[in-house]
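First up is the structure itself, then whatever we jot down about it.
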Amino acid sequence: MKSQRGLIEVRTGSDSDIPKIRKAYEFFESLGIPYSPRILSAHRTPQAMAAEARRLSDNGFFVSIAAAGGSAHLPGMTASETVLPVIGLPVTTSNLSGQDSLYSIIQMPDGIPVGCVGIGESESAAILASEIAYNNDSEMRNRIRAYRGIEGTVLAKTASKVGIIKAAGTEIDERKYSEMTSSMEKFGLTTQVSEVSAEDVVRVKSFVRELENEGAVAVIVIGGLGREKPTNDFPAKVSEMTDIPSIGLPLAKGFAGNDPRVEGDIFYNMLCSTAPTGKLKGHPIAGMGINRYMNAGLFAAQIAGLFDRAIQDRVKAYRDGLAKSVKEKDARIQKDGILPFLK
Ligand code: RP5
């Protein structure tokens with residue numbers, strides 16, 4: 001497994017992660033996709049980890065896969081130092097089977113998104129990274145489609161367009177939804193929206209084909225736990241049909257753990273499903289945290305920013321705004337004390 005630099009960095013928090021994500025390297029090897037492996041620890045080498053994250057873009061990378069286990073800070077910390085899309089790969093652990101890794105990666109607070117795949121789903125991470133990095137490369141896209149068994153071929157023409165597909169019946173928080181779409185507009189993205197029944201394969205397929213023809217850079221797939229039948233496995237269904245990078249946005253009102261209608265938990269159900277063979281199958285989905293609407297829009301903007309400099313600059317300005325607001329609040333606490341914050 002000789003590696004070259006390429007567009008994709010694969011950082012692990014420890015050498016002990018490497019054999020656990022073997023399938024990622026194997027995917028790149030089998031499709032002839034160059035990648036750059038690193039060991040960068042968020043807690044043992046934090047400075048080097050952050051410095052290398054800041055250099056990702058200048059070093060020509062388009063995307064970083066950050067694989068870590070336990071209290072897995074690596075993906076979130078990497079994402080906070082770059083505006084390139086970061087894919088979080090939760091590594092399996094012995095005491096909590098990687099649930100610890102998953103939860104510490106996926107539920108990133110709004111503002112800094114990480115696209116998280118299923119626990120140990122290293123091939124899904126590699127496929128997703130390739131779909132993001134080679135969105136404007138017809139030859140590579142068709143190679144990935146053939147590998148995944150997706151029907152038809154595409155002619156790449158990257159547009160700053162993002163599809164949004166909602167599973168009918170999902171209870172949407174309209175305020176947060178419009179915050180997401182209006183911020184996407186401000187970043188310079190155009191959106192194409194569809195609400196369809198998760199069971200209506202024909203309509204879902206025709207919508208994704210339309211997006212493919214128009215050069216969409218990402219599709220945000222919304223499903224959730226509602227009063228009706230859960231639709232949080234909708235992102236997996238959509239991702240099965242297309243190589244457009246799929247961003248999964250799971251929604252829930254109130255407590256989202258241990259829903260008896262869901263196999264595993266809300267994330268497991270979104271990122272992995274049982275294939276007809278009865279085997280567990282992961283999907284190349286950039287999973288967002290529950291109700292992290294803003295992060296879904298931001299992740300789409302970060303993908304679009306790879307191909308459109310103006311969008312990337314707006315994402316940078318947004319990040320600067322986040323940092324400025326924290327600094328202002330801290331200055332206020334130094335000046336006025338804690339009382340104004342204890343309202
Ligand atoms: C994390 O801690 C790594 O990503 C790894 O999954 C976990 C354990 O690391 P080692 O103690 O095996 O080096 O940083």
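Scheme for the structure tokens: letters A, B, ... for chains in order shown; per-chain residue numbers from 1; ligand numbers from 1 in order shown.
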
Using only C-alpha atoms and all ligand atoms, find each residue of chain A with at least one atom at most 7 Å away from an atom of ligand 1; report its shortest atom-to-atom pair and that distance in Å (one decimal), sort the rows by chain and rising residue number, and return the result as JSON lines.
{"residue": "A:Thr12", "atom": "CA", "partner": "ligand 1", "partner_atom_place_in_ligand_line": "4 (O)", "distance": 5.8}
{"residue": "A:Gly13", "atom": "CA", "partner": "ligand 1", "partner_atom_place_in_ligand_line": "4 (O)", "distance": 3.5}
{"residue": "A:Ser14", "atom": "CA", "partner": "ligand 1", "partner_atom_place_in_ligand_line": "3 (C)", "distance": 4.5}
{"residue": "A:Asp15", "atom": "CA", "partner": "ligand 1", "partner_atom_place_in_ligand_line": "13 (O)", "distance": 6.4}
{"residue": "A:Ser16", "atom": "CA", "partner": "ligand 1", "partner_atom_place_in_ligand_line": "12 (O)", "distance": 4.7}
{"residue": "A:Asp17", "atom": "CA", "partner": "ligand 1", "partner_atom_place_in_ligand_line": "6 (O)", "distance": 5.2}
{"residue": "A:Ser41", "atom": "CA", "partner": "ligand 1", "partner_atom_place_in_ligand_line": "14 (O)", "distance": 5.7}
{"residue": "A:Ala42", "atom": "CA", "partner": "ligand 1", "partner_atom_place_in_ligand_line": "14 (O)", "distance": 6.7}
{"residue": "A:His43", "atom": "CA", "partner": "ligand 1", "partner_atom_place_in_ligand_line": "14 (O)", "distance": 6.9}
{"residue": "A:Ala67", "atom": "CA", "partner": "ligand 1", "partner_atom_place_in_ligand_line": "4 (O)", "distance": 6.2}
{"residue": "A:Ala68", "atom": "CA", "partner": "ligand 1", "partner_atom_place_in_ligand_line": "4 (O)", "distance": 3.2}
{"residue": "A:Gly69", "atom": "CA", "partner": "ligand 1", "partner_atom_place_in_ligand_line": "6 (O)", "distance": 3.3}
{"residue": "A:Gly70", "atom": "CA", "partner": "ligand 1", "partner_atom_place_in_ligand_line": "2 (O)", "distance": 5.6}
{"residue": "A:Ala72", "atom": "CA", "partner": "ligand 1", "partner_atom_place_in_ligand_line": "1 (C)", "distance": 6.2}
{"residue": "A:Val91", "atom": "CA", "partner": "ligand 1", "partner_atom_place_in_ligand_line": "6 (O)", "distance": 5.9}

How would the residues just chosen look if you wrote them out with N, CA and C atoms as a PDB file, in the first residue's frame?
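The result, written out as out05.pdb:
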ATOM      1  N   THR A  12      -5.304   9.511  11.226  1.00  0.00           N
ATOM      2  CA  THR A  12      -5.775   8.675  12.328  1.00  0.00           C
ATOM      3  C   THR A  12      -5.188   9.237  13.618  1.00  0.00           C
ATOM      4  N   GLY A  13      -5.917   9.032  14.713  1.00  0.00           N
ATOM      5  CA  GLY A  13      -5.453   9.540  16.000  1.00  0.00           C
ATOM      6  C   GLY A  13      -4.335   8.695  16.579  1.00  0.00           C
ATOM      7  N   SER A  14      -4.198   7.468  16.083  1.00  0.00           N
ATOM      8  CA  SER A  14      -3.183   6.553  16.619  1.00  0.00           C
ATOM      9  C   SER A  14      -2.872   5.492  15.563  1.00  0.00           C
ATOM     10  N   ASP A  15      -1.688   4.892  15.682  1.00  0.00           N
ATOM     11  CA  ASP A  15      -1.378   3.782  14.764  1.00  0.00           C
ATOM     12  C   ASP A  15      -2.317   2.595  15.019  1.00  0.00           C
ATOM     13  N   SER A  16      -2.897   2.552  16.240  1.00  0.00           N
ATOM     14  CA  SER A  16      -3.790   1.427  16.539  1.00  0.00           C
ATOM     15  C   SER A  16      -5.087   1.496  15.717  1.00  0.00           C
ATOM     16  N   ASP A  17      -5.377   2.683  15.150  1.00  0.00           N
ATOM     17  CA  ASP A  17      -6.577   2.816  14.308  1.00  0.00           C
ATOM     18  C   ASP A  17      -6.358   2.211  12.914  1.00  0.00           C
ATOM     19  N   SER A  41      -2.496  13.142  16.517  1.00  0.00           N
ATOM     20  CA  SER A  41      -3.379  12.940  17.667  1.00  0.00           C
ATOM     21  C   SER A  41      -3.890  14.266  18.222  1.00  0.00           C
ATOM     22  N   ALA A  42      -5.195  14.317  18.462  1.00  0.00           N
ATOM     23  CA  ALA A  42      -5.792  15.552  19.000  1.00  0.00           C
ATOM     24  C   ALA A  42      -5.361  15.811  20.436  1.00  0.00           C
ATOM     25  N   HIS A  43      -4.971  14.748  21.161  1.00  0.00           N
ATOM     26  CA  HIS A  43      -4.574  14.989  22.561  1.00  0.00           C
ATOM     27  C   HIS A  43      -3.095  14.734  22.825  1.00  0.00           C
ATOM     28  N   ALA A  67     -10.044   9.731  11.448  1.00  0.00           N
ATOM     29  CA  ALA A  67     -10.529   8.515  12.106  1.00  0.00           C
ATOM     30  C   ALA A  67     -10.002   8.485  13.530  1.00  0.00           C
ATOM     31  N   ALA A  68     -10.905   8.282  14.476  1.00  0.00           N
ATOM     32  CA  ALA A  68     -10.453   8.234  15.866  1.00  0.00           C
ATOM     33  C   ALA A  68     -11.446   7.450  16.707  1.00  0.00           C
ATOM     34  N   GLY A  69     -10.927   6.973  17.841  1.00  0.00           N
ATOM     35  CA  GLY A  69     -11.771   6.166  18.721  1.00  0.00           C
ATOM     36  C   GLY A  69     -11.829   6.746  20.122  1.00  0.00           C
ATOM     37  N   GLY A  70     -12.775   6.299  20.892  1.00  0.00           N
ATOM     38  CA  GLY A  70     -12.923   6.753  22.273  1.00  0.00           C
ATOM     39  C   GLY A  70     -13.563   8.120  22.315  1.00  0.00           C
ATOM     40  N   ALA A  72     -13.437  10.886  20.878  1.00  0.00           N
ATOM     41  CA  ALA A  72     -12.749  11.168  19.609  1.00  0.00           C
ATOM     42  C   ALA A  72     -12.837  12.632  19.201  1.00  0.00           C
ATOM     43  N   VAL A  91     -14.008   5.064  15.171  1.00  0.00           N
ATOM     44  CA  VAL A  91     -13.328   3.779  15.216  1.00  0.00           C
ATOM     45  C   VAL A  91     -13.946   2.924  16.334  1.00  0.00           C
TER      46      VAL A  91
END

Distance query Glu214 of chain A at most 9 Å, only C-alpha atoms, self and fewer than 5 positions along chain excluded, as a PDB file with N, CA, C and O atoms, in the first residue's frame:
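selection21.pdb, freshly written:
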ATOM      1  N   LYS A 157     -20.452  18.303 -14.130  1.00  0.00           N
ATOM      2  CA  LYS A 157     -20.440  19.762 -14.388  1.00  0.00           C
ATOM      3  C   LYS A 157     -20.833  20.432 -13.077  1.00  0.00           C
ATOM      4  O   LYS A 157     -21.991  20.721 -12.799  1.00  0.00           O
ATOM      5  N   THR A 158     -19.831  20.610 -12.257  1.00  0.00           N
ATOM      6  CA  THR A 158     -20.051  21.118 -10.912  1.00  0.00           C
ATOM      7  C   THR A 158     -20.723  22.494 -10.909  1.00  0.00           C
ATOM      8  O   THR A 158     -20.174  23.456 -11.438  1.00  0.00           O
ATOM      9  N   ALA A 159     -21.901  22.554 -10.325  1.00  0.00           N
ATOM     10  CA  ALA A 159     -22.609  23.832 -10.166  1.00  0.00           C
ATOM     11  C   ALA A 159     -22.723  24.101  -8.671  1.00  0.00           C
ATOM     12  O   ALA A 159     -22.593  23.179  -7.879  1.00  0.00           O
ATOM     13  N   LYS A 161     -24.975  24.160  -6.790  1.00  0.00           N
ATOM     14  CA  LYS A 161     -26.362  23.782  -6.495  1.00  0.00           C
ATOM     15  C   LYS A 161     -26.379  22.639  -5.496  1.00  0.00           C
ATOM     16  O   LYS A 161     -25.549  21.730  -5.567  1.00  0.00           O
ATOM     17  N   ARG A 209     -31.665  12.017 -10.292  1.00  0.00           N
ATOM     18  CA  ARG A 209     -31.144  12.084 -11.671  1.00  0.00           C
ATOM     19  C   ARG A 209     -31.145  13.536 -12.156  1.00  0.00           C
ATOM     20  O   ARG A 209     -30.224  13.984 -12.823  1.00  0.00           O
TER      21      ARG A 209
END

Excluding segment 142-156 of chain A and residues on its chain fewer than 6 positions from it, collect all residues at most 10 Å away from it, counting only C-alpha atoms, and give them as a PyMOL selection string. chain A and resi 27+30-31+127-128+130-131+134-136+209+212-217+239-244

Since we have the selection now, will you write its residues out, keeping C-alpha atoms, as an mmCIF file, in the first residue's frame?
data_model
loop_
_atom_site.group_PDB
_atom_site.id
_atom_site.type_symbol
_atom_site.label_atom_id
_atom_site.label_comp_id
_atom_site.auth_asym_id
_atom_site.auth_seq_id
_atom_site.Cartn_x
_atom_site.Cartn_y
_atom_site.Cartn_z
ATOM 1 C CA PHE A 27 -10.817 1.110 -1.553
ATOM 2 C CA SER A 30 -8.504 -0.690 -5.849
ATOM 3 C CA LEU A 31 -9.751 2.428 -7.625
ATOM 4 C CA ILE A 127 -16.152 6.429 -0.947
ATOM 5 C CA LEU A 128 -17.665 9.622 0.458
ATOM 6 C CA SER A 130 -13.784 10.357 -3.225
ATOM 7 C CA GLU A 131 -17.267 11.492 -4.208
ATOM 8 C CA TYR A 134 -13.814 14.141 -7.586
ATOM 9 C CA ASN A 135 -17.206 15.754 -8.056
ATOM 10 C CA ASN A 136 -15.927 17.587 -11.169
ATOM 11 C CA ARG A 209 -31.144 12.084 -11.671
ATOM 12 C CA GLU A 212 -27.026 14.797 -11.329
ATOM 13 C CA ASN A 213 -27.888 16.372 -14.684
ATOM 14 C CA GLU A 214 -27.726 19.832 -13.191
ATOM 15 C CA GLY A 215 -24.335 19.270 -11.549
ATOM 16 C CA ALA A 216 -25.410 19.378 -7.879
ATOM 17 C CA VAL A 217 -22.424 19.195 -5.514
ATOM 18 C CA SER A 239 -27.333 7.539 -1.088
ATOM 19 C CA GLU A 240 -27.858 4.076 -2.615
ATOM 20 C CA MET A 241 -29.069 5.779 -5.804
ATOM 21 C CA THR A 242 -26.435 8.416 -6.438
ATOM 22 C CA ASP A 243 -22.789 9.361 -6.170
ATOM 23 C CA ILE A 244 -23.687 12.971 -5.329
#

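The shortest atom-to-atom distance to Met270 of chain A, with only C-alpha atoms taken into account, belongs to A:Asn232 out of A:Asn232, A:Ser183, A:Gln302, A:Gln4.
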